[in-house]
>>> print(open('final-v6.cif').read())   # mmCIF, C-alpha atoms
data_target
#
loop_
_atom_site.label_atom_id
_atom_site.label_comp_id
_atom_site.auth_asym_id
_atom_site.auth_seq_id
_atom_site.Cartn_x
_atom_site.Cartn_y
_atom_site.Cartn_z
CA GLY A 1 -10.87 15.74 -10.96
CA LEU A 2 -10.25 12.76 -8.73
CA GLY A 3 -13.82 11.45 -8.95
CA GLU A 4 -13.83 11.49 -12.74
CA ALA A 5 -10.45 9.75 -12.93
CA MET A 6 -11.51 7.03 -10.49
CA ASP A 7 -14.75 6.52 -12.40
CA GLY A 8 -13.25 6.30 -15.88
CA LEU A 9 -9.64 5.10 -15.68
CA PRO A 10 -10.24 1.71 -13.98
CA VAL A 11 -13.12 0.86 -16.33
CA ALA A 12 -10.97 1.75 -19.36
CA LEU A 13 -8.05 -0.35 -18.07
CA ALA A 14 -10.36 -3.28 -17.30
CA ALA A 15 -11.75 -3.06 -20.84
CA LEU A 16 -8.17 -3.52 -22.07
CA GLY A 17 -7.93 -6.77 -20.09
CA HIS A 18 -6.23 -5.58 -16.91
CA ARG A 19 -7.43 -6.72 -13.49
CA CYS A 20 -8.35 -3.49 -11.68
CA MET A 21 -9.21 -2.59 -8.10
CA VAL A 22 -10.30 0.78 -6.73
CA ILE A 23 -9.92 1.25 -2.98
CA SER A 24 -11.76 3.95 -1.06
CA PRO A 25 -12.74 4.66 2.53
CA ARG A 26 -16.25 3.46 3.31
CA TYR A 27 -17.85 6.83 3.91
CA ASP A 28 -21.38 5.68 3.28
CA GLN A 29 -23.71 2.66 3.29
CA TYR A 30 -23.01 1.77 -0.33
CA SER A 31 -26.01 -0.38 -1.24
CA GLU A 32 -24.15 -2.48 -3.81
CA ALA A 33 -21.17 -3.27 -1.56
CA TRP A 34 -21.20 -6.47 0.48
CA ASP A 35 -19.29 -7.38 3.62
CA THR A 36 -16.28 -9.50 2.63
CA SER A 37 -16.04 -11.07 6.13
CA PHE A 38 -12.29 -10.53 5.72
CA TRP A 39 -10.46 -9.18 8.75
CA SER A 40 -6.82 -8.32 9.21
CA SER A 41 -4.87 -5.57 10.98
CA VAL A 42 -2.18 -2.94 10.48
CA THR A 43 0.22 -1.42 12.99
CA MET A 44 -0.55 2.18 13.98
CA ALA A 45 1.21 3.82 16.94
CA GLY A 46 2.48 0.45 18.14
CA LYS A 47 -0.99 -1.12 18.25
CA GLN A 48 -2.83 -3.44 15.90
CA GLU A 49 -5.70 -1.59 14.25
CA PRO A 50 -8.40 -3.80 12.68
CA VAL A 51 -8.89 -3.80 8.92
CA HIS A 52 -12.19 -4.81 7.33
CA PHE A 53 -13.52 -4.46 3.79
CA PHE A 54 -16.73 -4.19 1.80
CA HIS A 55 -16.68 -4.99 -1.93
CA THR A 56 -18.62 -4.71 -5.14
CA TYR A 57 -17.77 -5.70 -8.71
CA LYS A 58 -18.96 -3.49 -11.56
CA GLN A 59 -17.86 -3.14 -15.19
CA LYS A 60 -15.04 -5.66 -14.59
CA VAL A 61 -13.60 -3.54 -11.72
CA ASP A 62 -13.29 -4.54 -8.07
CA TYR A 63 -14.41 -1.67 -5.81
CA VAL A 64 -13.15 -2.15 -2.26
CA PHE A 65 -14.23 0.01 0.68
CA VAL A 66 -12.12 0.22 3.84
CA ASP A 67 -14.59 -0.11 6.72
CA HIS A 68 -13.44 1.66 9.87
CA PRO A 69 -15.21 3.92 12.37
CA THR A 70 -12.91 6.82 11.49
CA PHE A 71 -14.65 7.03 8.11
CA LEU A 72 -18.30 5.96 8.21
CA GLU A 73 -19.10 6.86 11.81
CA ARG A 74 -17.40 10.25 11.45
CA VAL A 75 -20.06 11.38 9.01
CA ASN A 76 -22.95 9.25 10.33
CA GLY A 77 -23.44 7.86 6.83
CA LEU A 78 -24.25 11.36 5.55
CA SER A 79 -20.98 12.45 4.02
CA GLY A 80 -21.98 15.59 2.15
CA ALA A 81 -18.98 17.92 2.32
CA LYS A 82 -17.68 16.52 5.60
CA LEU A 83 -15.29 13.84 4.39
CA TYR A 84 -12.17 15.66 5.51
CA GLY A 85 -13.37 18.10 8.15
CA PRO A 86 -16.31 19.52 10.05
CA GLU A 87 -16.75 22.18 7.37
CA TRP A 88 -15.32 23.01 3.97
CA GLY A 89 -11.63 23.96 4.13
CA LYS A 90 -11.12 22.63 7.69
CA ASP A 91 -9.36 19.34 8.42
CA PHE A 92 -10.30 16.88 11.12
CA ALA A 93 -7.46 16.86 13.66
CA ASP A 94 -6.71 13.19 12.97
CA ASN A 95 -6.69 13.31 9.15
CA GLN A 96 -2.97 12.53 8.96
CA ALA A 97 -3.37 9.37 11.04
CA ARG A 98 -6.65 8.22 9.52
CA PHE A 99 -5.43 8.50 5.93
CA ALA A 100 -2.13 6.84 6.88
CA TYR A 101 -4.30 4.01 8.23
CA PHE A 102 -6.25 4.03 4.94
CA CYS A 103 -3.00 3.68 2.96
CA LYS A 104 -1.87 0.73 5.06
CA ALA A 105 -5.30 -0.90 4.80
CA ALA A 106 -5.21 -0.46 1.01
CA LEU A 107 -2.01 -2.49 0.87
CA VAL A 108 -3.67 -5.27 2.89
CA ALA A 109 -6.52 -5.31 0.36
CA ILE A 110 -4.10 -5.55 -2.56
CA ARG A 111 -1.91 -8.23 -1.04
CA ASP A 112 -4.36 -10.38 0.94
CA LEU A 113 -8.04 -9.79 0.14
CA PRO A 114 -9.33 -12.72 -1.97
CA LEU A 115 -11.51 -11.37 -4.76
CA GLY A 116 -12.78 -13.68 -7.47
CA GLY A 117 -10.99 -16.51 -5.69
CA THR A 118 -7.56 -14.93 -5.45
CA ALA A 119 -5.84 -11.86 -4.03
CA TYR A 120 -4.16 -9.40 -6.35
CA GLY A 121 -0.86 -10.08 -4.57
CA ASP A 122 2.30 -8.05 -4.89
CA GLU A 123 2.95 -8.27 -8.64
CA VAL A 124 0.90 -5.15 -9.31
CA MET A 125 0.93 -1.53 -10.42
CA VAL A 126 -0.45 0.77 -7.72
CA VAL A 127 -1.66 4.23 -8.69
CA ALA A 128 -2.03 6.51 -5.66
CA ASN A 129 -4.41 9.39 -6.28
CA ASP A 130 -4.07 12.70 -4.43
CA TRP A 131 -2.90 13.17 -0.86
CA HIS A 132 -5.39 10.67 0.58
CA SER A 133 -3.32 7.77 -0.74
CA ALA A 134 0.04 9.51 -1.17
CA LEU A 135 1.68 7.44 1.58
CA VAL A 136 1.05 4.16 -0.27
CA PRO A 137 4.33 4.34 -2.28
CA MET A 138 6.23 5.20 0.91
CA PHE A 139 4.71 2.25 2.79
CA VAL A 140 5.47 -0.08 -0.14
CA HIS A 141 9.10 1.06 -0.08
CA ALA A 142 9.39 0.80 3.72
CA GLN A 143 7.88 -2.70 3.77
CA ARG A 144 10.13 -3.78 0.89
CA GLN A 145 13.18 -2.42 2.71
CA ALA A 146 12.24 -4.34 5.87
CA SER A 147 11.46 -7.52 3.91
CA PRO A 148 13.05 -7.52 0.41
CA SER A 149 10.71 -10.20 -0.95
CA MET A 150 7.62 -8.15 -0.05
CA TRP A 151 6.25 -6.01 -2.91
CA LYS A 152 9.21 -7.16 -5.01
CA GLY A 153 7.31 -6.89 -8.30
CA THR A 154 5.20 -3.85 -7.36
CA LYS A 155 5.44 -0.55 -9.19
CA THR A 156 3.87 2.66 -7.87
CA ALA A 157 2.82 5.99 -9.34
CA PHE A 158 1.30 9.09 -7.78
CA LEU A 159 -1.27 11.30 -9.52
CA CYS A 160 -2.11 14.75 -8.18
CA HIS A 161 -5.60 15.90 -9.17
CA ASN A 162 -6.03 18.88 -6.85
CA ALA A 163 -3.07 21.17 -6.19
CA VAL A 164 -4.99 23.28 -3.67
CA PHE A 165 -5.65 20.57 -1.09
CA GLN A 166 -2.38 18.74 -0.60
CA GLY A 167 -2.86 16.95 2.71
CA ARG A 168 -0.15 18.99 4.40
CA PHE A 169 -0.09 18.75 8.19
CA GLU A 170 1.98 20.21 10.99
CA TYR A 171 5.00 18.08 11.87
CA GLU A 172 4.40 15.90 14.91
CA ASP A 173 7.18 14.48 17.06
CA GLY A 174 6.95 10.71 17.15
CA LEU A 175 5.26 10.46 13.74
CA ALA A 176 7.63 7.67 12.68
CA GLN A 177 6.36 5.58 15.60
CA VAL A 178 2.72 6.40 14.78
CA LEU A 179 3.18 5.31 11.16
CA ASP A 180 5.53 2.45 12.13
CA VAL A 181 8.26 3.44 9.68
CA PRO A 182 11.93 4.40 10.13
CA GLN A 183 12.52 8.14 10.72
CA GLN A 184 14.19 8.48 7.30
CA TYR A 185 10.77 8.12 5.67
CA ILE A 186 9.25 10.89 7.77
CA ASP A 187 12.23 13.11 6.96
CA SER A 188 11.68 12.45 3.24
CA ILE A 189 8.08 13.76 3.35
CA THR A 190 8.62 16.69 5.73
CA PHE A 191 8.60 20.23 4.35
CA LYS A 192 10.31 22.90 6.39
CA MET A 193 8.12 25.80 5.42
CA PRO A 194 4.99 27.52 6.76
CA LEU A 195 1.80 25.53 6.35
CA LYS A 196 -0.73 27.15 4.01
CA VAL A 197 -3.92 25.56 2.74
CA GLY A 198 -5.92 26.88 -0.20
#
>>> encode(input="final-v6.cif", output="C-alpha cells")
Amino acid sequence: GLGEAMDGLPVALAALGHRCMVISPRYDQYSEAWDTSFWSSVTMAGKQEPVHFFHTYKQKVDYVFVDHPTFLERVNGLSGAKLYGPEWGKDFADNQARFAYFCKAALVAIRDLPLGGTAYGDEVMVVANDWHSALVPMFVHAQRQASPSMWKGTKTAFLCHNAVFQGRFEYEDGLAQVLDVPQQYIDSITFKMPLKVG
C-alpha cells in the first residue's frame, strides 16, 4: 500500500544516488522532526494561508511534514484512524480544501525549502501518491501555464495505491476560486456521475 511504497521507494532511490524528499501532513508530534523555522504562504479562496514545515533526514531521504492546524490539531496528536474523517469511511467536510492546501504546500517545500543548504528547486521529478496529493500535477501545470519559466524542468507522475478511496467529492460552485486555478482545471477533474465511496 501507500505506507509501504513511501517507506521503501525513497530509500531505494536515495541509495541509487538520487536526492529524495517525502512530504506528508504533520498528523503527529514526530519526535525526530525539527521545526525548520521556514514560513511561506499559498493562496486558498483568495487569501494567503500560512505554510510551515518540520523536517527530518533519515537513510539519505528528506522527510518534510506540512504543519497546519487542519492536520495536527484535527486529531489532537492522536491520529489513529481519524486522518481523513471522524470515523472509518467518513470524510471530514473540508477534506477537499485541506488536501488541496497540502498539495500547494508540497510545491512550496520542493521549490523553496532549503534542506542541506539548498532547495530542491523546479528541476525535479514529482511522484504524487494517491488522492491526497493528486492535485500536485494539476497545480504544477497551472503554475507553469501562468508563468512559463516556473516548473519548466519538472516532470510529474501519479501512483494510485488504493482504488477504493479515491478522494472523490461533490462538485462545489466556486471551486476554481477556492483552489486559485482557472475553471478549465476544475472541469478537467470533474466527473459527472453519482458519487460512491467504497
>>> atom_distance(input="final-v6.cif", atom1="CA of Pro69 (chain A)", atom2="CA of His52 (chain A)")
10.5 Å
>>> resolve_selection(input="final-v6.cif", expression="the PyMOL selection byres ((chain A and resi 180) around 8)", output="ChimeraX atom specification")
/A:43-46,176-179,181-182
>>> atom_distance(input="final-v6.cif", atom1="CA of Val140 (chain A)", atom2="CA of Ala100 (chain A)")
12.4 Å
>>> atom_distance(input="final-v6.cif", atom1="CA of Gly85 (chain A)", atom2="CA of Trp131 (chain A)")
14.7 Å
>>> resolve_selection(input="final-v6.cif", expression="the PyMOL selection byres ((chain A and resi 156) around 12)", output="PDB file with C-alpha atoms, in the frame of the given file")
ATOM      1  CA  LEU A 107      -2.010  -2.490   0.870  1.00  0.00           C
ATOM      2  CA  ASP A 122       2.300  -8.050  -4.890  1.00  0.00           C
ATOM      3  CA  GLU A 123       2.950  -8.270  -8.640  1.00  0.00           C
ATOM      4  CA  VAL A 124       0.900  -5.150  -9.310  1.00  0.00           C
ATOM      5  CA  MET A 125       0.930  -1.530 -10.420  1.00  0.00           C
ATOM      6  CA  VAL A 126      -0.450   0.770  -7.720  1.00  0.00           C
ATOM      7  CA  VAL A 127      -1.660   4.230  -8.690  1.00  0.00           C
ATOM      8  CA  ALA A 128      -2.030   6.510  -5.660  1.00  0.00           C
ATOM      9  CA  ASN A 129      -4.410   9.390  -6.280  1.00  0.00           C
ATOM     10  CA  SER A 133      -3.320   7.770  -0.740  1.00  0.00           C
ATOM     11  CA  ALA A 134       0.040   9.510  -1.170  1.00  0.00           C
ATOM     12  CA  LEU A 135       1.680   7.440   1.580  1.00  0.00           C
ATOM     13  CA  VAL A 136       1.050   4.160  -0.270  1.00  0.00           C
ATOM     14  CA  PRO A 137       4.330   4.340  -2.280  1.00  0.00           C
ATOM     15  CA  MET A 138       6.230   5.200   0.910  1.00  0.00           C
ATOM     16  CA  PHE A 139       4.710   2.250   2.790  1.00  0.00           C
ATOM     17  CA  VAL A 140       5.470  -0.080  -0.140  1.00  0.00           C
ATOM     18  CA  HIS A 141       9.100   1.060  -0.080  1.00  0.00           C
ATOM     19  CA  TRP A 151       6.250  -6.010  -2.910  1.00  0.00           C
ATOM     20  CA  LYS A 152       9.210  -7.160  -5.010  1.00  0.00           C
ATOM     21  CA  GLY A 153       7.310  -6.890  -8.300  1.00  0.00           C
ATOM     22  CA  THR A 154       5.200  -3.850  -7.360  1.00  0.00           C
ATOM     23  CA  LYS A 155       5.440  -0.550  -9.190  1.00  0.00           C
ATOM     24  CA  ALA A 157       2.820   5.990  -9.340  1.00  0.00           C
ATOM     25  CA  PHE A 158       1.300   9.090  -7.780  1.00  0.00           C
ATOM     26  CA  LEU A 159      -1.270  11.300  -9.520  1.00  0.00           C
TER      27      LEU A 159
END
>>> residues_around(input="final-v6.cif", residues="region 108-119 of chain A", least_positions_apart="4", cutoff="10 Å", atoms="only C-alpha atoms", output="ChimeraX atom specification")
/A:21-23,36,38-42,51-53,55-57,62,64-66,102-104,123-124,126,150-151
>>> resolve_selection(input="final-v6.cif", expression="the PyMOL selection byres ((chain A and resi 26) around 8)", output="list in words")
Ser24, Pro25, Tyr27, Asp28, Gln29, Tyr30, Phe54, Phe65, Val66, Asp67, His68, Phe71 and Leu72 of chain A
>>> closest_atom_pairs(input="final-v6.cif", of="region 51-165 of chain A", to="region 8-16 of chain A", cutoff="8 Å", atoms="all atoms listed in the file", output="CSV")
residue,atom,partner,partner_atom,distance
A:Gln59,CA,A:Val11,CA,6.3
A:Lys60,CA,A:Ala14,CA,5.9
A:Val61,CA,A:Val11,CA,6.4
>>> decode(input="final-v6.cif", residues="region 127-175 of chain A", atoms="C-alpha atoms", output="short mmCIF file (atom, residue, chain, number, x, y, z; two decimals), in the first residue's frame")
data_model
loop_
_atom_site.label_atom_id
_atom_site.label_comp_id
_atom_site.auth_asym_id
_atom_site.auth_seq_id
_atom_site.Cartn_x
_atom_site.Cartn_y
_atom_site.Cartn_z
CA VAL A 127 5.60 11.45 -7.74
CA ALA A 128 2.10 12.10 -6.37
CA ASN A 129 0.75 9.17 -4.38
CA ASP A 130 -2.98 8.50 -4.09
CA TRP A 131 -5.73 11.11 -3.96
CA HIS A 132 -4.12 13.06 -1.11
CA SER A 133 -1.53 14.51 -3.48
CA ALA A 134 -3.34 14.01 -6.79
CA LEU A 135 -3.73 17.76 -7.36
CA VAL A 136 0.05 18.32 -7.38
CA PRO A 137 0.42 17.65 -11.15
CA MET A 138 -2.56 19.93 -11.84
CA PHE A 139 -1.07 22.75 -9.73
CA VAL A 140 2.32 22.32 -11.43
CA HIS A 141 0.63 22.63 -14.83
CA ALA A 142 -1.50 25.62 -13.79
CA GLN A 143 1.50 27.46 -12.32
CA ARG A 144 3.57 26.68 -15.41
CA GLN A 145 0.79 27.97 -17.66
CA ALA A 146 0.59 31.22 -15.67
CA SER A 147 4.39 31.60 -15.59
CA PRO A 148 6.14 29.50 -18.28
CA SER A 149 9.53 29.57 -16.53
CA MET A 150 8.05 28.08 -13.34
CA TRP A 151 8.40 24.28 -13.06
CA LYS A 152 9.91 24.30 -16.56
CA GLY A 153 12.07 21.22 -15.91
CA THR A 154 9.60 19.40 -13.64
CA LYS A 155 8.09 16.05 -14.53
CA THR A 156 5.16 14.55 -12.63
CA ALA A 157 3.68 11.08 -12.19
CA PHE A 158 0.67 9.84 -10.26
CA LEU A 159 0.55 6.47 -8.46
CA CYS A 160 -2.75 5.02 -7.25
CA HIS A 161 -2.31 2.64 -4.32
CA ASN A 162 -5.91 2.30 -3.15
CA ALA A 163 -8.70 2.14 -5.73
CA VAL A 164 -11.43 2.10 -3.07
CA PHE A 165 -10.74 5.51 -1.54
CA GLN A 166 -10.31 7.91 -4.41
CA GLY A 167 -10.80 11.32 -2.80
CA ARG A 168 -13.96 11.99 -4.78
CA PHE A 169 -16.04 14.90 -3.53
CA GLU A 170 -19.28 16.56 -4.52
CA TYR A 171 -18.80 19.38 -7.03
CA GLU A 172 -18.80 22.79 -5.39
CA ASP A 173 -19.58 26.01 -7.24
CA GLY A 174 -16.66 28.40 -6.95
CA LEU A 175 -14.08 25.63 -6.55
#
